[in-house]
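Quick notes on the structure that follows.
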Amino acid sequence: MGTRHELAASALEDLPITVALIDENGEILLTNRSWREFGPADGPTDHVGVDYLANATTAEDEHARRAVEGIEAVLAGDRDAFSMEYPCHSPDQQRWFLMRVTRFSHDGRRLASLVHLEITDRKLAEIAAEENERRIRAERETVEHVLERVDGLVTEITDAAVGAETRAALERDVCTRLTDTDPYVLAWTGRVDVTRQRLSPREWDSRDDVPLEDDELVLESDESHPAVRAFVDREPQVIDDIDAFDDADRWWPVGAGERFQSVAALPLAYGDVTYGVLVVFADETDAFDERESLVLESLAGTVATAMNALEARRMLTSEAVVSIEAAVEDPSLFVTSLSERVDATISYRGLTYDADETPQLLLYADREIDQEAVLAPDADVRDLSVLSKNDGGTLLEVTAGDGPVTALNEHGAVVQELSVSDGVADLAVEFPDSRSARSAYDLLERRYDRVELISYHEQEEPSQRPHDVSARLESSLTDRQLLALRKAYHANYFEWPRDISGEELADSMDISRSTFHQHLRTAQRKVLEELFD
């Protein structure tokens with residue numbers, strides 16, 4: 001084994017950091033392999049004898065100046081050690097180093113060790129952390145700015161929603177409160193005429209009394225308009241720069257490019273009902289960032305909830321019902337596929353429920369059909385059977401899944417007519433209010449290929465509503481009595497000649513003929529008691 005000096009020299013040579021020893025004049029006395037490999041290829045092999053301070057001083061660099069001053073202070077005995085971090089970038093790589101200078105004595109001479117340690121990974125991590133801190137600080141400032149702008153707006157609109165007596169008053173109040181808040185300068189609410197498929201502004205307000213000159217929008221041809229998209233897709237729509245939007249001159253108020261720079265359209269939706277849209281303009285681009293949009297979405301939800309409450313209040317005090325007629329064209333509609341399969345016109349007779357609350361439809365085909373002809377499977381049908389046949393047609397019973405009749409029934413609808421021929425289903429439905437009518441019509445449009453609204457109108461009910469009587473009757477009848485009565489009525493059992501016999505109806509309920517007639521007579525007696533008492 002070598003001497004201690006040899007061991008130290010060997011260890012210094014193999015250190016993975018650059019090390020050099022200099023004398024009191026700054027002349028290099030010794031370097032290790034890392035130092036020599038780091039230096040320029042055309043320089044001295046070991047750099048021994050090079051004036052380190054003189055070479056460093058020639059570099060017109062703030063870091064080099066600091067390094068020389070620190071080394072000189074250590075060599076002069078003014079300080080025991082000195083360290084500093086500095087960049088040393090190459091053309092294709094960013095690098096940082098830590099230089100540490102430490103004084104020591106040997107044979108009465110004042111010497112110093114120079115160590116250069118690469119700290120690039122640590123420096124990059126620090127830079128990333130600083131960038132992240134700046135980003136978080138900027139985001140916090142943005143959030144505070146948004147909160148400052150909308151301070152009180154949520155409370156004001158909530159107060160307006162709670163105190164509104166009518167929907168029109170609510171919409172006017174919301175538009176006014178929005179335009180009183182920077183940077184919003186114009187706001188309007190729009191409603192849809194489902195019969196004409198038009199979206200038009202109903203209430204609006206602007207900061208500078210700008211007249212709203214938007215024409216009504218056609219849902220089919222103006223589908224790229226953010227208000228139409230918001231209504232149809234039930235998702236907020238934002239245009240960050242109106243000037244860059246196609247058809248801005250036609251769709252925005254006159255001078256939009258000068259006064260209004262961005263716009264947000266929000267659906268006024270509650271549950272599965274869309275009451276309309278809220279459209280808000282701002283006088284700066286990119287005004288509706290993610291945070292601002294979330295605030296407006298919350299406000300739109302509050303407004304829609306208030307509209308729902310107003311309509312519910314109106315329903316309790318009104319005796320109006322809504323009737324719609326529509327044509328549905330979609331081969332996936334089970335009554336349509338059945339009509340095509342058996343080559344007959346299919347008409348709806350009524351809806352009943354079995355003991356398990358499974359909906360059962362009674363349908364009538366205008367020609368005689370065998371059981372085998374109706375056995376083809378259908379996605380919306382669990383079971384389909386022939387109840388009876390006569391010279392003119394066939395009575396069918398369908399155990400339905402999620403078909404249109406059951407779906408409409410869940411929306412409080414009464415199907416007055418459903419008839420299918422030549423691939424088109426003609427539907428007439430009565431609803432207890434406009435909210436359920438809109439909801440059900442939206443459901444039909446989403447589910448089937450083509451739905452055409454033929455008519456839509458409201459009418460007054462008599463003071464004694466039919467469904468009030470029906471509710472009392474259903475509460476007095478047992479499930480079996482009600483089922484027997486419904487089946488007999490919808491199957492034309494009370495007509496003459498009858499379309500079906502009591503025995504066939506009993507078989508369809510899986511009971512004896514005598515039991516069926518007992519249920520039916522009891523139900524008839526209760527109906528007559530309701531009528532005459």
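Lettering and numbering for the structure tokens are positional, with chains as A, B, ... in the shown order, residues counted from 1 in each chain, and ligands counted from 1 in the shown order.
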Distance table requested - region 261-373 of chain A against region 188-206 of chain A, cut-off 6 Å, only C-alpha atoms: one row per qualifying residue with the closest atom pair and its distance in Å to one decimal, ordered by chain and rising residue number, as JSON lines.
{"residue": "A:Gly276", "atom": "CA", "partner": "A:Arg191", "partner_atom": "CA", "distance": 4.6}
{"residue": "A:Val277", "atom": "CA", "partner": "A:Gly190", "partner_atom": "CA", "distance": 5.2}
{"residue": "A:Leu278", "atom": "CA", "partner": "A:Thr189", "partner_atom": "CA", "distance": 4.6}
{"residue": "A:Val279", "atom": "CA", "partner": "A:Trp188", "partner_atom": "CA", "distance": 5.3}
Name the residues of region 218-436 of chain A that come out as strand (DSSP E) in a backbone DSSP run; write them as an MDAnalysis selection string. chainID A and resid 218 237:239 262:270 273:282 320:329 346:353 359:365 381:389 394:400 414:421 424:431
Using DSSP secondary structure from the backbone, list all alpha helix (DSSP H) positions within region 179-342 of chain A, as a PyMOL selection string. chain A and resi 179+226-233+248-251+256-259+290-317+334-342
Can you tell me which residues surround Asp426 (chain A) at a distance of at most 6 Å, considering only C-alpha atoms, apart from same-chain residues fewer than 6 positions away, and format the answer as a list in words? Ala327, Leu418 and Ser419 of chain A
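For the pair CA of Ala440 (chain A) and CA of Leu408 (chain A), the separation is 6.2 Å.
Pairwise distance (CA of Arg135 (chain A), CA of Glu284 (chain A)) equals 22.6 Å.
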Shell of 8 Å around Ala161 (chain A), only C-alpha atoms, local chain residues under 6 positions omitted, as an MDAnalysis selection string: chainID A and resid 170 302:303 306
Selected residues, N, CA, C and O atoms, written as a short mmCIF file (atom, residue, chain, number, x, y, z; two decimals), in the first residue's frame, please.
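Saved result, selection12.cif, follows:
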data_model
loop_
_atom_site.label_atom_id
_atom_site.label_comp_id
_atom_site.auth_asym_id
_atom_site.auth_seq_id
_atom_site.Cartn_x
_atom_site.Cartn_y
_atom_site.Cartn_z
N LEU A 170 -88.73 38.27 -13.37
CA LEU A 170 -87.48 37.64 -12.99
C LEU A 170 -86.42 37.84 -14.06
O LEU A 170 -85.28 38.22 -13.77
N THR A 302 -79.59 28.99 -10.65
CA THR A 302 -80.48 29.64 -9.69
C THR A 302 -81.72 30.19 -10.39
O THR A 302 -82.85 30.05 -9.90
N VAL A 303 -81.51 30.83 -11.55
CA VAL A 303 -82.63 31.40 -12.30
C VAL A 303 -83.57 30.30 -12.76
O VAL A 303 -84.80 30.42 -12.67
N ALA A 306 -85.69 29.05 -9.97
CA ALA A 306 -86.77 29.99 -9.68
C ALA A 306 -87.89 29.87 -10.71
O ALA A 306 -89.08 29.94 -10.36
#
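Atom to atom, CA of Thr285 (chain A) and CA of Arg140 (chain A) stand 20.4 Å apart.
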